[in-house]
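Step one of this worksheet: look at the structure below.
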Amino acid sequence: MYDGKTRALFVKYAIPQMIGLLFNSIYLIVDGIFIGNRLGRDAMAAAAVSVPFIEILIALSMAVASGAGIMISSQLGRKENEEAVQTFNTAILCFAVIGISIIVMGNTFLHSLAEVLGSTPQIHDKAICYLQYIVTFSPFLLFSFLLGGLVRNDGCPELAMFALAFGSISNMALDYVFMYPLNMGISGAALATAIGPVFSVAILLPHFLMKKGNLYFTKLKIQPHNIRRIFMLGFPSFIMEFTIGIITFVYNFAIVKYGYGEIGLAAYLVIGYLMLIILTIFLGMAEGLQPVFSYFAGISEDGRNQDMRRFATKIFLSIGLLCYLFILFFSSYFFSIFNPEDTELIAFMTSKSIAYFCGFFLAGYNILMISYWQSTQSTKKALLISLSRSFIFPPILILVLPVFLGGEVIWICHSMGEGLTTCVGLILLFGNKKGRKIQGRLGQSVCSNRNRN
């Protein structure tokens, strides 16, 4: 299953997951295009309120999928198939409980949730309308990502890609139907977004129900330590994906605080879409490589893991630089798709994006190192990098720098956070290598002294 050269394994596992996640991100963007063209700036701002919540849901699914996936790949590598099946069923149970809890709690405190996510009085009713559909259908979004991740760890990355892509294409078609012929307004956009994952789940379920791989549904022996281990191993992935939601939440707050108002929120929605595309490319490739890293770690093939990490680093950095060149020369064309007649909004988005994305070529490297360390069960290192690029550097920079440099500086804080995170990652990587060399030399010296004696 994991035979072949580094390049071939990268293409087999990283590319399908990247394509699948990219389609999944595109359907959020298509919502924005329909909303912007059909309903205008305030509706775009209302939809922006739900983006952090959607990213939290995706982060939860990635956490459980990655934690269970790391365990499953290692168990399959050691031929512990029964243990892998139990891990799979434990992950399913966890998500059933989480999904039901979100529906109940989310609908009970819907107005409070919208306010916490950044809703203003002017857009509150529209924000509530959009958010309610997302909350109610949230289990399907959760399970679409969970089942996709587990299918990938079961050796079928192409099926995971197809399921995510089909759900996304269905959403795009439903966007048009609900918003134009049926004229459902922002409710139609929300309903289309909510229904898309239902198709993905329907495609993925037969793989497990019909026992087409190593993983299938069976009677579960509940083992609390397995649940704890799934969440412990998956927590860096939660933070990695949750970063988009955290950053969006922090920026929504800063945009209102520093007087950018509805034009700032609408602009950041579209800048956030572009951010989502770039980060999804990196996240998809990194998540696609997780089964490979975990399998090699399970059979102690450290050399092959190092080869894959070095090869992937070159790919990630190259793609990051190409993305920034696109932003420099073509971002205005991308932004004009959403509301072509609002020239003020397009000019605002174009000027802010150049600063906002200047350090994003480093984001891919940071995401790769999180996946690598997480998959090889160096969880503390993965968690430190995840926290650095989400909870530590960006919020601190957004809180502190405007006090001295003015509100305009907020647009560069995300990229600065990625740069500082890269510094932390390099210290962990090369500091660890230097420590191993010193330990090796000390060991050789001890052995030499013993031989002399």
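By order in the structure tokens, chains are A, B, ...; within a chain, residues start at 1; ligands start at 1, following the order shown.
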For range 321-324 of chain A, work out the shell of residues within 7 Å, counting only C-alpha atoms and skipping chain neighbours fewer than 4 positions away, then give it as a PyMOL selection string.
chain A and resi 317+328+357-358+361
Could you pull out the alpha helix (DSSP H) residues of range 93-322 of chain A from DSSP and send them as a ChimeraX atom specification?
/A:93-108,110-116,124-136,138-153,157-179,185-209,224-257,261-298,302-322
Which residue out of A:Leu57, A:Ala189, A:Leu233, A:Cys423 has the minimum interatomic distance to Ile72 in chain A when only C-alpha atoms are used?
A:Leu233
When you look at range 126-131 of chain A with a cut-off of 8 Å (counting only C-alpha atoms), what residues show up, excluding the ones that are within fewer than 2 positions of it in the same chain? I need them as a list in words.
Ala43, Ala46, Ala47, Val49, Ser50, Leu110, His111, Ala114, Ser119, Ile123, His124, Tyr133, Ile134, Val135, Ile186, Ser187, Ala189 and Ala190 of chain A
Set out as CSV a contact list for range 379-441 of chain A and range 245-253 of chain A with a cut-off of 12 Å, giving each residue of range 379-441 of chain A that qualifies its closest atom pair and distance in Å to one decimal, counting only C-alpha atoms, ordered by chain and rising residue number.
```
residue,atom,partner,partner_atom,distance
A:Ser386,CA,A:Ile246,CA,11.7
A:Leu387,CA,A:Ile246,CA,10.7
A:Arg389,CA,A:Ile247,CA,9.2
A:Ser390,CA,A:Ile246,CA,6.5
A:Phe391,CA,A:Ile246,CA,7.5
A:Ile392,CA,A:Ile246,CA,10.8
A:Phe393,CA,A:Ile247,CA,10.6
A:Pro394,CA,A:Ile247,CA,7.4
A:Pro395,CA,A:Val250,CA,6.7
A:Ile396,CA,A:Val250,CA,10.3
A:Leu397,CA,A:Val250,CA,10.8
A:Ile398,CA,A:Val250,CA,8.1
A:Leu399,CA,A:Val250,CA,9.4
A:Gly407,CA,A:Tyr251,CA,11.4
A:Val409,CA,A:Tyr251,CA,11.8
A:Ile410,CA,A:Tyr251,CA,8.0
A:Trp411,CA,A:Tyr251,CA,8.7
A:Ile412,CA,A:Tyr251,CA,11.2
A:Cys413,CA,A:Tyr251,CA,9.8
A:His414,CA,A:Ile247,CA,7.7
A:Ser415,CA,A:Ile247,CA,11.2
A:Gly417,CA,A:Ile247,CA,10.6
A:Glu418,CA,A:Ile247,CA,11.7
```
Dump of N, CA and C atoms for the selected residues, as a CSV table (one decimal), in the first residue's frame:
```
chain,number,residue,atom,x,y,z
A,386,SER,N,1.5,24.5,16.0
A,386,SER,CA,0.1,24.9,15.8
A,386,SER,C,-0.3,26.1,16.6
A,387,LEU,N,0.1,26.1,17.9
A,387,LEU,CA,-0.3,27.2,18.8
A,387,LEU,C,0.4,28.5,18.4
A,389,ARG,N,1.2,29.6,15.4
A,389,ARG,CA,0.6,30.3,14.3
A,389,ARG,C,-0.9,30.6,14.4
A,390,SER,N,-1.4,30.3,15.6
A,390,SER,CA,-2.9,30.6,15.8
A,390,SER,C,-3.1,31.4,17.1
A,391,PHE,N,-2.9,30.8,18.3
A,391,PHE,CA,-3.2,31.4,19.5
A,391,PHE,C,-2.1,32.4,20.1
A,392,ILE,N,-0.9,32.2,19.6
A,392,ILE,CA,0.2,33.0,20.2
A,392,ILE,C,0.5,34.2,19.4
A,393,PHE,N,1.2,34.0,18.2
A,393,PHE,CA,1.7,35.2,17.5
A,393,PHE,C,0.7,36.1,16.9
A,394,PRO,N,-0.3,35.6,16.0
A,394,PRO,CA,-1.2,36.6,15.4
A,394,PRO,C,-2.0,37.4,16.4
A,395,PRO,N,-2.7,36.8,17.4
A,395,PRO,CA,-3.4,37.7,18.3
A,395,PRO,C,-2.6,38.7,19.1
A,396,ILE,N,-1.4,38.3,19.5
A,396,ILE,CA,-0.5,39.2,20.2
A,396,ILE,C,-0.1,40.3,19.3
A,397,LEU,N,0.3,40.0,18.0
A,397,LEU,CA,0.7,41.1,17.1
A,397,LEU,C,-0.5,42.0,16.8
A,398,ILE,N,-1.7,41.5,16.6
A,398,ILE,CA,-2.9,42.3,16.3
A,398,ILE,C,-3.2,43.2,17.5
A,399,LEU,N,-3.0,42.7,18.7
A,399,LEU,CA,-3.3,43.4,19.9
A,399,LEU,C,-2.2,44.5,20.2
A,407,GLY,N,-3.9,51.3,13.1
A,407,GLY,CA,-4.8,50.2,12.7
A,407,GLY,C,-4.4,49.6,11.4
A,409,VAL,N,-1.7,48.5,10.4
A,409,VAL,CA,-0.7,47.4,10.5
A,409,VAL,C,-1.4,46.0,10.7
A,410,ILE,N,-2.7,46.0,11.1
A,410,ILE,CA,-3.3,44.7,11.3
A,410,ILE,C,-3.3,43.8,10.1
A,411,TRP,N,-3.2,44.4,8.9
A,411,TRP,CA,-3.2,43.6,7.7
A,411,TRP,C,-2.0,42.8,7.4
A,412,ILE,N,-0.9,43.1,8.1
A,412,ILE,CA,0.4,42.3,7.9
A,412,ILE,C,0.6,41.3,9.0
A,413,CYS,N,-0.2,41.4,10.1
A,413,CYS,CA,0.1,40.6,11.3
A,413,CYS,C,0.0,39.1,11.1
A,414,HIS,N,-0.9,38.6,10.2
A,414,HIS,CA,-1.0,37.2,10.0
A,414,HIS,C,0.3,36.7,9.3
A,415,SER,N,0.8,37.4,8.3
A,415,SER,CA,2.1,36.9,7.7
A,415,SER,C,3.2,37.0,8.7
A,417,GLY,N,3.1,36.5,11.8
A,417,GLY,CA,2.9,35.4,12.7
A,417,GLY,C,3.4,34.1,12.0
A,418,GLU,N,3.2,33.9,10.7
A,418,GLU,CA,3.7,32.7,10.0
A,418,GLU,C,5.3,32.8,10.0
```
Within 10 Å of Met240 in chain A, counting only C-alpha atoms, which residues show up once you throw out same-chain ones fewer than 3 positions away? Write them as a PyMOL selection string, please.
chain A and resi 59+62-63+234-237+243-245+283+366-367+370-371+382-383+385-390
Any chance you can output those residues with all heavy atoms as a short mmCIF file (atom, residue, chain, number, x, y, z; two decimals), in the first residue's frame?
```cif
data_model
loop_
_atom_site.label_atom_id
_atom_site.label_comp_id
_atom_site.auth_asym_id
_atom_site.auth_seq_id
_atom_site.Cartn_x
_atom_site.Cartn_y
_atom_site.Cartn_z
N ALA A 59 -12.29 21.80 11.89
CA ALA A 59 -11.17 21.53 12.79
C ALA A 59 -11.47 20.34 13.70
O ALA A 59 -10.60 19.49 13.94
CB ALA A 59 -10.85 22.77 13.62
N MET A 62 -11.19 17.19 11.60
CA MET A 62 -9.79 16.90 11.30
C MET A 62 -9.06 16.35 12.52
O MET A 62 -8.18 15.49 12.40
CB MET A 62 -9.08 18.15 10.78
CG MET A 62 -9.56 18.61 9.43
SD MET A 62 -9.35 17.34 8.16
CE MET A 62 -9.93 18.22 6.72
N ALA A 63 -9.41 16.85 13.70
CA ALA A 63 -8.76 16.38 14.93
C ALA A 63 -9.02 14.89 15.13
O ALA A 63 -8.09 14.10 15.34
CB ALA A 63 -9.26 17.18 16.12
N GLY A 234 -4.74 13.96 17.81
CA GLY A 234 -5.40 14.81 16.83
C GLY A 234 -5.43 16.29 17.18
O GLY A 234 -5.77 17.12 16.34
N PHE A 235 -5.06 16.63 18.43
CA PHE A 235 -5.17 18.02 18.86
C PHE A 235 -4.36 18.99 18.01
O PHE A 235 -4.85 20.08 17.68
CB PHE A 235 -4.79 18.15 20.34
CG PHE A 235 -5.15 19.48 20.93
CD1 PHE A 235 -6.46 19.92 20.96
CD2 PHE A 235 -4.16 20.32 21.44
CE1 PHE A 235 -6.79 21.16 21.49
CE2 PHE A 235 -4.48 21.55 21.97
CZ PHE A 235 -5.80 21.98 22.00
N PRO A 236 -3.11 18.66 17.61
CA PRO A 236 -2.40 19.58 16.72
C PRO A 236 -3.14 19.84 15.41
O PRO A 236 -3.10 20.95 14.87
CB PRO A 236 -1.05 18.87 16.48
CG PRO A 236 -0.85 18.03 17.69
CD PRO A 236 -2.23 17.55 18.06
N SER A 237 -3.82 18.81 14.88
CA SER A 237 -4.61 19.01 13.65
C SER A 237 -5.79 19.93 13.90
O SER A 237 -6.16 20.74 13.05
CB SER A 237 -5.14 17.67 13.13
OG SER A 237 -4.22 17.07 12.26
N THR A 243 -6.92 27.26 13.14
CA THR A 243 -6.20 28.51 12.92
C THR A 243 -6.98 29.45 12.00
O THR A 243 -7.05 30.66 12.24
CB THR A 243 -4.82 28.24 12.30
OG1 THR A 243 -4.03 27.52 13.26
CG2 THR A 243 -4.10 29.52 11.94
N ILE A 244 -7.59 28.88 10.94
CA ILE A 244 -8.35 29.72 10.00
C ILE A 244 -9.52 30.37 10.73
O ILE A 244 -9.78 31.57 10.56
CB ILE A 244 -8.85 28.88 8.81
CG1 ILE A 244 -7.67 28.24 8.08
CG2 ILE A 244 -9.66 29.76 7.85
CD1 ILE A 244 -8.07 27.31 6.96
N GLY A 245 -10.22 29.59 11.56
CA GLY A 245 -11.33 30.15 12.33
C GLY A 245 -10.87 31.17 13.35
O GLY A 245 -11.49 32.23 13.52
N LEU A 283 -3.00 22.39 3.51
CA LEU A 283 -3.63 21.46 4.45
C LEU A 283 -3.95 20.13 3.78
O LEU A 283 -3.75 19.06 4.36
CB LEU A 283 -4.91 22.08 5.02
CG LEU A 283 -4.74 23.19 6.05
CD1 LEU A 283 -6.06 23.92 6.25
CD2 LEU A 283 -4.24 22.64 7.37
N ASN A 366 5.10 25.54 7.63
CA ASN A 366 4.62 25.34 9.01
C ASN A 366 3.60 24.22 9.09
O ASN A 366 3.64 23.38 10.00
CB ASN A 366 4.01 26.64 9.55
CG ASN A 366 5.04 27.75 9.67
OD1 ASN A 366 6.24 27.50 9.83
ND2 ASN A 366 4.59 28.99 9.58
N ILE A 367 2.68 24.18 8.15
CA ILE A 367 1.64 23.16 8.14
C ILE A 367 2.25 21.78 7.89
O ILE A 367 1.86 20.79 8.51
CB ILE A 367 0.58 23.49 7.07
CG1 ILE A 367 -0.24 24.71 7.53
CG2 ILE A 367 -0.34 22.31 6.80
CD1 ILE A 367 -1.14 25.29 6.46
N ILE A 370 3.87 20.54 11.10
CA ILE A 370 2.85 20.09 12.06
C ILE A 370 2.42 18.67 11.72
O ILE A 370 2.36 17.78 12.58
CB ILE A 370 1.63 21.03 12.04
CG1 ILE A 370 2.02 22.40 12.59
CG2 ILE A 370 0.48 20.44 12.88
CD1 ILE A 370 0.96 23.47 12.36
N SER A 371 2.11 18.43 10.44
CA SER A 371 1.67 17.10 10.01
C SER A 371 2.76 16.06 10.22
O SER A 371 2.48 14.94 10.69
CB SER A 371 1.27 17.14 8.53
OG SER A 371 0.86 15.86 8.08
N ALA A 382 4.51 19.36 17.35
CA ALA A 382 3.40 19.71 16.47
C ALA A 382 2.47 20.70 17.14
O ALA A 382 2.01 21.67 16.51
CB ALA A 382 2.64 18.44 16.07
N LEU A 383 2.20 20.49 18.42
CA LEU A 383 1.29 21.38 19.14
C LEU A 383 1.89 22.76 19.30
O LEU A 383 1.18 23.78 19.17
CB LEU A 383 0.98 20.77 20.51
CG LEU A 383 -0.04 21.52 21.37
CD1 LEU A 383 -1.36 21.67 20.64
CD2 LEU A 383 -0.25 20.80 22.70
N ILE A 385 3.98 24.32 17.28
CA ILE A 385 3.89 25.04 16.00
C ILE A 385 2.44 25.44 15.73
O ILE A 385 2.17 26.56 15.27
CB ILE A 385 4.43 24.16 14.86
CG1 ILE A 385 5.91 23.81 15.10
CG2 ILE A 385 4.29 24.88 13.52
CD1 ILE A 385 6.81 25.01 15.21
N SER A 386 1.51 24.55 16.02
CA SER A 386 0.09 24.86 15.81
C SER A 386 -0.34 26.06 16.64
O SER A 386 -1.03 26.97 16.16
CB SER A 386 -0.77 23.65 16.17
OG SER A 386 -0.58 22.60 15.26
N LEU A 387 0.06 26.07 17.91
CA LEU A 387 -0.31 27.18 18.80
C LEU A 387 0.38 28.47 18.39
O LEU A 387 -0.21 29.55 18.49
CB LEU A 387 0.05 26.82 20.24
CG LEU A 387 -0.78 25.71 20.89
CD1 LEU A 387 -0.21 25.34 22.25
CD2 LEU A 387 -2.24 26.13 21.04
N SER A 388 1.62 28.37 17.92
CA SER A 388 2.39 29.57 17.55
C SER A 388 1.71 30.33 16.42
O SER A 388 1.66 31.57 16.43
CB SER A 388 3.81 29.19 17.14
OG SER A 388 4.54 28.68 18.24
N ARG A 389 1.16 29.59 15.43
CA ARG A 389 0.58 30.26 14.27
C ARG A 389 -0.91 30.56 14.43
O ARG A 389 -1.56 30.99 13.47
CB ARG A 389 0.82 29.44 13.00
CG ARG A 389 0.19 28.08 12.97
CD ARG A 389 0.60 27.32 11.71
NE ARG A 389 0.13 27.99 10.52
CZ ARG A 389 -1.05 27.76 9.94
NH1 ARG A 389 -1.89 26.88 10.47
NH2 ARG A 389 -1.38 28.40 8.84
N SER A 390 -1.45 30.33 15.63
CA SER A 390 -2.87 30.60 15.83
C SER A 390 -3.12 31.40 17.10
O SER A 390 -3.48 32.59 17.04
CB SER A 390 -3.65 29.28 15.89
OG SER A 390 -3.12 28.43 16.89
#
```
Which residue gives the smallest distance to Leu325 in chain A among A:Phe145, A:Phe360, A:Phe282, A:Phe238, with only C-alpha atoms counted?
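Looking at the shortest contact to Leu325 in chain A, the residue is A:Phe360.
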Could you name the residues that touch range 5-11 of chain A at 9 Å or less, counting only C-alpha atoms, but leaving out those on the same chain fewer than 4 positions away, as a PDB file with N, CA and C atoms, in the first residue's frame?
```
ATOM      1  N   ILE A  15      -1.826  14.626  -3.407  1.00  0.00           N
ATOM      2  CA  ILE A  15      -2.577  15.339  -4.448  1.00  0.00           C
ATOM      3  C   ILE A  15      -4.086  15.087  -4.372  1.00  0.00           C
ATOM      4  N   PRO A  16      -4.561  13.815  -4.228  1.00  0.00           N
ATOM      5  CA  PRO A  16      -6.012  13.626  -4.138  1.00  0.00           C
ATOM      6  C   PRO A  16      -6.659  14.357  -2.963  1.00  0.00           C
ATOM      7  N   MET A 285      -2.478  18.704   1.137  1.00  0.00           N
ATOM      8  CA  MET A 285      -1.268  17.913   0.903  1.00  0.00           C
ATOM      9  C   MET A 285      -0.714  17.358   2.214  1.00  0.00           C
ATOM     10  N   GLY A 288      -2.917  14.583   3.413  1.00  0.00           N
ATOM     11  CA  GLY A 288      -2.735  13.434   2.545  1.00  0.00           C
ATOM     12  C   GLY A 288      -1.482  12.641   2.877  1.00  0.00           C
ATOM     13  N   LEU A 289      -0.450  13.335   3.347  1.00  0.00           N
ATOM     14  CA  LEU A 289       0.806  12.665   3.700  1.00  0.00           C
ATOM     15  C   LEU A 289       0.763  12.003   5.073  1.00  0.00           C
ATOM     16  N   VAL A 292       1.102   8.229   5.215  1.00  0.00           N
ATOM     17  CA  VAL A 292       2.446   7.797   4.810  1.00  0.00           C
ATOM     18  C   VAL A 292       3.425   7.976   5.964  1.00  0.00           C
ATOM     19  N   ARG A 304      12.964   6.903   5.218  1.00  0.00           N
ATOM     20  CA  ARG A 304      11.965   7.213   4.197  1.00  0.00           C
ATOM     21  C   ARG A 304      11.089   8.391   4.631  1.00  0.00           C
ATOM     22  N   ASP A 307      13.115  11.498   3.885  1.00  0.00           N
ATOM     23  CA  ASP A 307      13.120  11.780   2.445  1.00  0.00           C
ATOM     24  C   ASP A 307      11.818  12.443   2.008  1.00  0.00           C
ATOM     25  N   MET A 308      10.694  11.925   2.520  1.00  0.00           N
ATOM     26  CA  MET A 308       9.400  12.504   2.159  1.00  0.00           C
ATOM     27  C   MET A 308       9.280  13.920   2.686  1.00  0.00           C
ATOM     28  N   PHE A 311      11.435  16.278   0.472  1.00  0.00           N
ATOM     29  CA  PHE A 311      10.822  16.457  -0.848  1.00  0.00           C
ATOM     30  C   PHE A 311       9.597  17.354  -0.746  1.00  0.00           C
ATOM     31  N   ALA A 312       8.751  17.097   0.251  1.00  0.00           N
ATOM     32  CA  ALA A 312       7.529  17.888   0.424  1.00  0.00           C
ATOM     33  C   ALA A 312       7.845  19.348   0.739  1.00  0.00           C
TER      34      ALA A 312
END
```
Shell around Thr193 in chain A at 9 Å using only C-alpha atoms, local window under 4 positions removed, as a ChimeraX atom specification
/A:27-28,31,133-134,168,171-172,174-175,188-189,197
Restrict the selected residues to N, CA, C and O atoms and save them as a PDB file, in the first residue's frame.
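Writing done, so here's again.pdb:
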```
ATOM      1  N   TYR A  27     -16.632  25.522  -2.685  1.00  0.00           N
ATOM      2  CA  TYR A  27     -18.081  25.712  -2.552  1.00  0.00           C
ATOM      3  C   TYR A  27     -18.420  26.815  -1.560  1.00  0.00           C
ATOM      4  O   TYR A  27     -19.448  27.479  -1.704  1.00  0.00           O
ATOM      5  N   LEU A  28     -17.557  27.066  -0.572  1.00  0.00           N
ATOM      6  CA  LEU A  28     -17.763  28.232   0.287  1.00  0.00           C
ATOM      7  C   LEU A  28     -17.578  29.527  -0.502  1.00  0.00           C
ATOM      8  O   LEU A  28     -18.298  30.507  -0.309  1.00  0.00           O
ATOM      9  N   ASP A  31     -20.533  30.280  -2.705  1.00  0.00           N
ATOM     10  CA  ASP A  31     -21.557  30.955  -1.905  1.00  0.00           C
ATOM     11  C   ASP A  31     -21.331  32.459  -1.908  1.00  0.00           C
ATOM     12  O   ASP A  31     -22.261  33.252  -2.093  1.00  0.00           O
ATOM     13  N   TYR A 133     -28.929  27.242   9.538  1.00  0.00           N
ATOM     14  CA  TYR A 133     -28.807  26.086   8.649  1.00  0.00           C
ATOM     15  C   TYR A 133     -27.487  25.355   8.886  1.00  0.00           C
ATOM     16  O   TYR A 133     -27.445  24.115   8.888  1.00  0.00           O
ATOM     17  N   ILE A 134     -26.408  26.111   9.074  1.00  0.00           N
ATOM     18  CA  ILE A 134     -25.090  25.492   9.282  1.00  0.00           C
ATOM     19  C   ILE A 134     -25.083  24.665  10.563  1.00  0.00           C
ATOM     20  O   ILE A 134     -24.574  23.542  10.602  1.00  0.00           O
ATOM     21  N   SER A 168     -19.058  19.168  -3.087  1.00  0.00           N
ATOM     22  CA  SER A 168     -18.825  20.577  -3.409  1.00  0.00           C
ATOM     23  C   SER A 168     -19.534  20.990  -4.699  1.00  0.00           C
ATOM     24  O   SER A 168     -20.144  22.057  -4.768  1.00  0.00           O
ATOM     25  N   ASN A 171     -23.147  21.419  -4.119  1.00  0.00           N
ATOM     26  CA  ASN A 171     -23.429  22.695  -3.474  1.00  0.00           C
ATOM     27  C   ASN A 171     -23.488  23.838  -4.477  1.00  0.00           C
ATOM     28  O   ASN A 171     -24.368  24.705  -4.395  1.00  0.00           O
ATOM     29  N   MET A 172     -22.561  23.832  -5.423  1.00  0.00           N
ATOM     30  CA  MET A 172     -22.548  24.905  -6.427  1.00  0.00           C
ATOM     31  C   MET A 172     -23.824  24.896  -7.243  1.00  0.00           C
ATOM     32  O   MET A 172     -24.411  25.954  -7.526  1.00  0.00           O
ATOM     33  N   LEU A 174     -26.739  23.665  -6.308  1.00  0.00           N
ATOM     34  CA  LEU A 174     -27.854  24.054  -5.449  1.00  0.00           C
ATOM     35  C   LEU A 174     -27.839  25.551  -5.147  1.00  0.00           C
ATOM     36  O   LEU A 174     -28.911  26.158  -4.957  1.00  0.00           O
ATOM     37  N   ASP A 175     -26.665  26.158  -5.083  1.00  0.00           N
ATOM     38  CA  ASP A 175     -26.575  27.613  -4.909  1.00  0.00           C
ATOM     39  C   ASP A 175     -27.392  28.330  -5.980  1.00  0.00           C
ATOM     40  O   ASP A 175     -28.180  29.234  -5.689  1.00  0.00           O
ATOM     41  N   GLY A 188     -31.207  30.408   0.909  1.00  0.00           N
ATOM     42  CA  GLY A 188     -30.840  29.464  -0.137  1.00  0.00           C
ATOM     43  C   GLY A 188     -29.359  29.174  -0.155  1.00  0.00           C
ATOM     44  O   GLY A 188     -28.931  28.023  -0.315  1.00  0.00           O
ATOM     45  N   ALA A 189     -28.544  30.231   0.029  1.00  0.00           N
ATOM     46  CA  ALA A 189     -27.092  30.034   0.065  1.00  0.00           C
ATOM     47  C   ALA A 189     -26.696  29.150   1.239  1.00  0.00           C
ATOM     48  O   ALA A 189     -25.850  28.256   1.115  1.00  0.00           O
ATOM     49  N   PRO A 197     -22.420  18.459   2.131  1.00  0.00           N
ATOM     50  CA  PRO A 197     -21.782  17.326   2.813  1.00  0.00           C
ATOM     51  C   PRO A 197     -22.643  16.075   2.913  1.00  0.00           C
ATOM     52  O   PRO A 197     -22.113  14.976   3.115  1.00  0.00           O
TER      53      PRO A 197
END
```
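Distances to Leu117 in chain A were evaluated for A:Lys219, A:Thr90, A:Ala48, A:Tyr333 using only C-alpha atoms, and the minimum falls at A:Ala48.
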Near-Gln306 in chain A list (12 Å; only C-alpha atoms; drop same-chain fewer than 6 positions) as a PyMOL selection string
chain A and resi 6+292-293+296-297+300+312-313+369+372-373+376+429
Take the residues from that selection and put them in a file with N, CA, C and O atoms, as a tab-separated table (two decimals), in the first residue's frame.
```tsv
chain	number	residue	atom	x	y	z
A	6	THR	N	9.45	8.11	-3.31
A	6	THR	CA	8.92	9.27	-2.58
A	6	THR	C	7.97	10.09	-3.45
A	6	THR	O	6.87	10.45	-3.03
A	292	VAL	N	1.10	8.23	5.21
A	292	VAL	CA	2.45	7.80	4.81
A	292	VAL	C	3.43	7.98	5.96
A	292	VAL	O	4.17	7.05	6.32
A	293	PHE	N	3.44	9.18	6.56
A	293	PHE	CA	4.32	9.44	7.70
A	293	PHE	C	4.04	8.45	8.84
A	293	PHE	O	4.96	7.90	9.45
A	296	PHE	N	5.18	4.73	7.96
A	296	PHE	CA	6.64	4.57	8.04
A	296	PHE	C	7.14	4.64	9.48
A	296	PHE	O	8.07	3.94	9.87
A	297	ALA	N	6.50	5.51	10.28
A	297	ALA	CA	6.88	5.58	11.70
A	297	ALA	C	6.53	4.27	12.40
A	297	ALA	O	7.29	3.79	13.26
A	300	SER	N	9.14	1.80	11.61
A	300	SER	CA	10.49	2.31	11.91
A	300	SER	C	11.32	2.60	10.66
A	300	SER	O	12.54	2.40	10.64
A	312	ALA	N	8.75	17.10	0.25
A	312	ALA	CA	7.53	17.89	0.42
A	312	ALA	C	7.84	19.35	0.74
A	312	ALA	O	7.13	20.25	0.30
A	313	THR	N	8.92	19.60	1.49
A	313	THR	CA	9.30	20.98	1.82
A	313	THR	C	9.54	21.80	0.55
A	313	THR	O	9.07	22.95	0.43
A	369	MET	N	5.28	20.77	8.72
A	369	MET	CA	5.99	20.32	9.91
A	369	MET	C	5.02	19.88	11.02
A	369	MET	O	5.31	18.94	11.76
A	372	TYR	N	3.99	16.41	9.90
A	372	TYR	CA	5.10	15.46	10.05
A	372	TYR	C	5.31	15.07	11.50
A	372	TYR	O	5.38	13.88	11.84
A	373	TRP	N	5.41	16.06	12.38
A	373	TRP	CA	5.64	15.76	13.80
A	373	TRP	C	4.44	15.08	14.44
A	373	TRP	O	4.58	14.19	15.28
A	376	THR	N	4.32	11.38	13.26
A	376	THR	CA	5.38	10.56	13.85
A	376	THR	C	5.32	10.59	15.37
A	376	THR	O	6.26	10.17	16.05
A	429	LEU	N	13.62	21.82	14.72
A	429	LEU	CA	14.15	20.82	13.78
A	429	LEU	C	15.66	20.69	13.88
A	429	LEU	O	16.19	19.60	14.10
```
To one decimal place in Å, what is the distance between CA of Thr422 in chain A and CA of Leu22 in chain A?
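Calculated distance between CA of Thr422 in chain A and CA of Leu22 in chain A is 24.0 Å.
Using only C-alpha atoms, the shortest contact distance between Ser200 in chain A and any of A:Met232, A:Leu362, A:Leu21, A:Ile271 is found at A:Leu21.
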